[in-house]
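Reading through the structure tokens given below for one structure.
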Amino acid sequence: FSWAKTSTALLDAMKTTSKLFLLIGAAIGFALILTYNGVPQMVTGLVAEAGLSRMGFMALCFILYLVLGMILDAGPIIIITLPVIWPAALAVGADPIHFAVFLVAAVVSGQATPPYGVNLFAMAGLTREPVGDIVKGAIPFIIALYVGVAIVMLIPSLSTWLPKFMMH
């Protein structure tokens, strides 16, 4: 044990945490601006005008979250987009628990997707392997992730049965 190492570790943790909270604070501020300006109502109106089914809406959300997950951290993605997407999801008849599970799975799949998947770069940093090698090794798992998201999207009871069981 060393006080010098402990203080250095604490300082590093504070720097990392402050960056994260700054990012989250900015995301919350941006989400509030979007909400204040009526963007959720506009999105809900566009979805209603387009006549999207629940599955069509969720497929579009998957594409959105896949792309966003490639380039951003999960927390800010959810904080910024959820106030905008949530009313539209409810308007098309999505179950709140099902949609939340689907949303998290879609964001996670984006974070593992090349070329800019955040988790791929994190793994490369941890293992000190080239990103290309990490991507090659991850492809079967990424495909499994996509299949899992599709299954969750198509079978809502997979994500709702346990909460319903626990509430009764």
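Residue numbers start at 1 in each chain; chains themselves are named A, B, ... in the order of the structure tokens; ligands are numbered from 1 in the order shown.
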| message | Taking 4 positions as the minimum chain separation for residues in the same chain, which residues sit within 9 Å of region 102-115 of chain A when counting only C-alpha atoms? Answer as a ChimeraX atom specification. | response | /A:58,61-74,77-78,97-98,119-120,135,138-139,141-142,145-146,148-150,152-153,156,159
Since we have the selection now, will you write its residues out, keeping N, CA and C atoms, as a tab-separated table (two decimals), in the first residue's frame?
```tsv
chain	number	residue	atom	x	y	z
A	58	MET	N	-39.75	-0.15	-34.85
A	58	MET	CA	-38.63	-0.74	-34.12
A	58	MET	C	-37.46	-1.06	-35.05
A	61	CYS	N	-35.72	2.15	-35.49
A	61	CYS	CA	-34.99	2.44	-34.24
A	61	CYS	C	-33.72	1.60	-34.16
A	62	PHE	N	-33.81	0.34	-34.59
A	62	PHE	CA	-32.61	-0.51	-34.57
A	62	PHE	C	-31.51	0.10	-35.43
A	63	ILE	N	-31.87	0.54	-36.62
A	63	ILE	CA	-30.88	1.15	-37.51
A	63	ILE	C	-30.30	2.41	-36.87
A	64	LEU	N	-31.17	3.26	-36.30
A	64	LEU	CA	-30.71	4.48	-35.64
A	64	LEU	C	-29.75	4.15	-34.51
A	65	TYR	N	-30.13	3.24	-33.63
A	65	TYR	CA	-29.29	2.91	-32.48
A	65	TYR	C	-28.04	2.15	-32.87
A	66	LEU	N	-28.11	1.39	-33.94
A	66	LEU	CA	-26.92	0.71	-34.44
A	66	LEU	C	-25.88	1.74	-34.87
A	67	VAL	N	-26.30	2.72	-35.65
A	67	VAL	CA	-25.38	3.77	-36.12
A	67	VAL	C	-24.88	4.61	-34.95
A	68	LEU	N	-25.78	5.06	-34.09
A	68	LEU	CA	-25.36	5.87	-32.95
A	68	LEU	C	-24.44	5.09	-32.01
A	69	GLY	N	-24.73	3.81	-31.83
A	69	GLY	CA	-23.90	2.97	-30.96
A	69	GLY	C	-22.50	2.78	-31.48
A	70	MET	N	-22.31	2.90	-32.78
A	70	MET	CA	-20.97	2.78	-33.36
A	70	MET	C	-20.08	3.95	-32.96
A	71	ILE	N	-20.67	5.11	-32.75
A	71	ILE	CA	-19.84	6.31	-32.59
A	71	ILE	C	-19.96	6.99	-31.23
A	72	LEU	N	-20.98	6.64	-30.44
A	72	LEU	CA	-21.18	7.30	-29.15
A	72	LEU	C	-21.28	6.28	-28.02
A	73	ASP	N	-21.11	6.76	-26.81
A	73	ASP	CA	-21.27	5.93	-25.63
A	73	ASP	C	-22.76	5.69	-25.37
A	74	ALA	N	-23.08	4.58	-24.75
A	74	ALA	CA	-24.48	4.19	-24.54
A	74	ALA	C	-25.27	5.18	-23.70
A	77	ILE	N	-26.37	8.33	-25.60
A	77	ILE	CA	-27.32	7.95	-26.66
A	77	ILE	C	-28.72	7.82	-26.06
A	78	ILE	N	-28.81	7.08	-24.98
A	78	ILE	CA	-30.11	6.84	-24.36
A	78	ILE	C	-30.68	8.12	-23.78
A	97	ILE	N	-41.70	-2.06	-21.33
A	97	ILE	CA	-40.59	-2.93	-20.92
A	97	ILE	C	-39.93	-3.54	-22.14
A	98	HIS	N	-40.73	-4.03	-23.06
A	98	HIS	CA	-40.19	-4.63	-24.28
A	98	HIS	C	-39.34	-3.63	-25.05
A	119	ASN	N	-16.78	-0.64	-28.25
A	119	ASN	CA	-16.32	-1.81	-27.50
A	119	ASN	C	-15.17	-2.53	-28.19
A	120	LEU	N	-15.12	-2.46	-29.51
A	120	LEU	CA	-14.01	-3.08	-30.24
A	120	LEU	C	-12.70	-2.39	-29.90
A	135	VAL	N	-11.84	-7.33	-34.57
A	135	VAL	CA	-13.04	-7.34	-35.42
A	135	VAL	C	-13.25	-8.72	-36.02
A	138	ALA	N	-14.57	-11.01	-33.51
A	138	ALA	CA	-15.88	-10.62	-32.97
A	138	ALA	C	-17.03	-10.85	-33.93
A	139	ILE	N	-16.75	-11.05	-35.20
A	139	ILE	CA	-17.82	-11.15	-36.21
A	139	ILE	C	-18.89	-12.19	-35.86
A	141	PHE	N	-19.84	-13.20	-32.98
A	141	PHE	CA	-20.58	-12.69	-31.84
A	141	PHE	C	-21.47	-11.51	-32.22
A	142	ILE	N	-20.99	-10.69	-33.14
A	142	ILE	CA	-21.79	-9.57	-33.62
A	142	ILE	C	-23.03	-10.08	-34.35
A	145	LEU	N	-25.39	-11.24	-31.84
A	145	LEU	CA	-26.04	-10.08	-31.23
A	145	LEU	C	-27.21	-9.60	-32.08
A	146	TYR	N	-26.98	-9.47	-33.39
A	146	TYR	CA	-28.05	-9.02	-34.29
A	146	TYR	C	-29.23	-9.99	-34.27
A	148	GLY	N	-30.03	-11.97	-31.83
A	148	GLY	CA	-30.67	-11.80	-30.53
A	148	GLY	C	-31.57	-10.58	-30.49
A	149	VAL	N	-31.11	-9.47	-31.06
A	149	VAL	CA	-31.93	-8.25	-31.10
A	149	VAL	C	-33.18	-8.50	-31.94
A	150	ALA	N	-33.02	-9.19	-33.07
A	150	ALA	CA	-34.17	-9.49	-33.92
A	150	ALA	C	-35.18	-10.38	-33.19
A	152	VAL	N	-35.60	-10.61	-29.90
A	152	VAL	CA	-36.25	-9.78	-28.87
A	152	VAL	C	-37.29	-8.87	-29.51
A	153	MET	N	-36.96	-8.32	-30.68
A	153	MET	CA	-37.88	-7.42	-31.37
A	153	MET	C	-39.15	-8.17	-31.81
A	156	PRO	N	-42.00	-10.17	-28.21
A	156	PRO	CA	-42.01	-9.29	-27.02
A	156	PRO	C	-42.07	-10.04	-25.69
A	159	SER	N	-39.01	-10.50	-23.33
A	159	SER	CA	-38.54	-9.44	-22.43
A	159	SER	C	-39.59	-9.01	-21.41
```
| task | With a distance cut-off of 10 Å and only C-alpha atoms, select the neighbouring residues of region 45-54 of chain A, excluding the residue or stretch itself and same-chain residues fewer than 6 positions from it, and output the selection as number ranges by chain. | result | A: 39, 60, 87-95, 153
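CA of Ile85 (chain A) sits 10.8 Å away from CA of Ala100 (chain A).
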| message | What does the structure give for the distance between CA of Ala122 (chain A) and CA of Gly137 (chain A), in Å to one decimal? | response | 14.2 Å
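Using only C-alpha atoms, the residues found no farther than 10 Å from Ala26 (chain A), other than those of its own chain fewer than 4 positions away, are A:Leu20, A:Phe21, A:Leu22, A:Phe30, A:Ala31, A:Leu32, A:Pro76, A:Ile79, A:Ile80.
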| request: Could you find all residues in region 60-167 of chain A that DSSP calls helix (DSSP H, G or I) from the backbone, and write them as a ChimeraX atom specification? | output: /A:60-71,74-91,96-111,118-127,131-154,157-167
| task | Identify, on the basis of only C-alpha atoms, every residue whose closest approach to Val131 (chain A) does not exceed 9 Å; exclude the query and any residue fewer than 6 positions from it along the same chain; express the result as number ranges by chain. | result | A: 120-121, 123-125
Mind writing the picked residues with C-alpha atoms as a compact mmCIF listing (two decimals), in the first residue's frame?
```
# COMPACT_ATOMS: atom_id res chain seq x y z
CA LEU A 120 -14.01 -3.08 -30.24
CA PHE A 121 -11.52 -0.32 -29.52
CA MET A 123 -11.07 -4.60 -26.27
CA ALA A 124 -8.12 -3.77 -28.51
CA GLY A 125 -6.76 -1.49 -25.81
```
| said: Quick check, in Å to one decimal: how far apart do CA of Pro83 (chain A) and CA of Lys15 (chain A) lie? | reply: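 These two atoms are separated by 28.7 Å.
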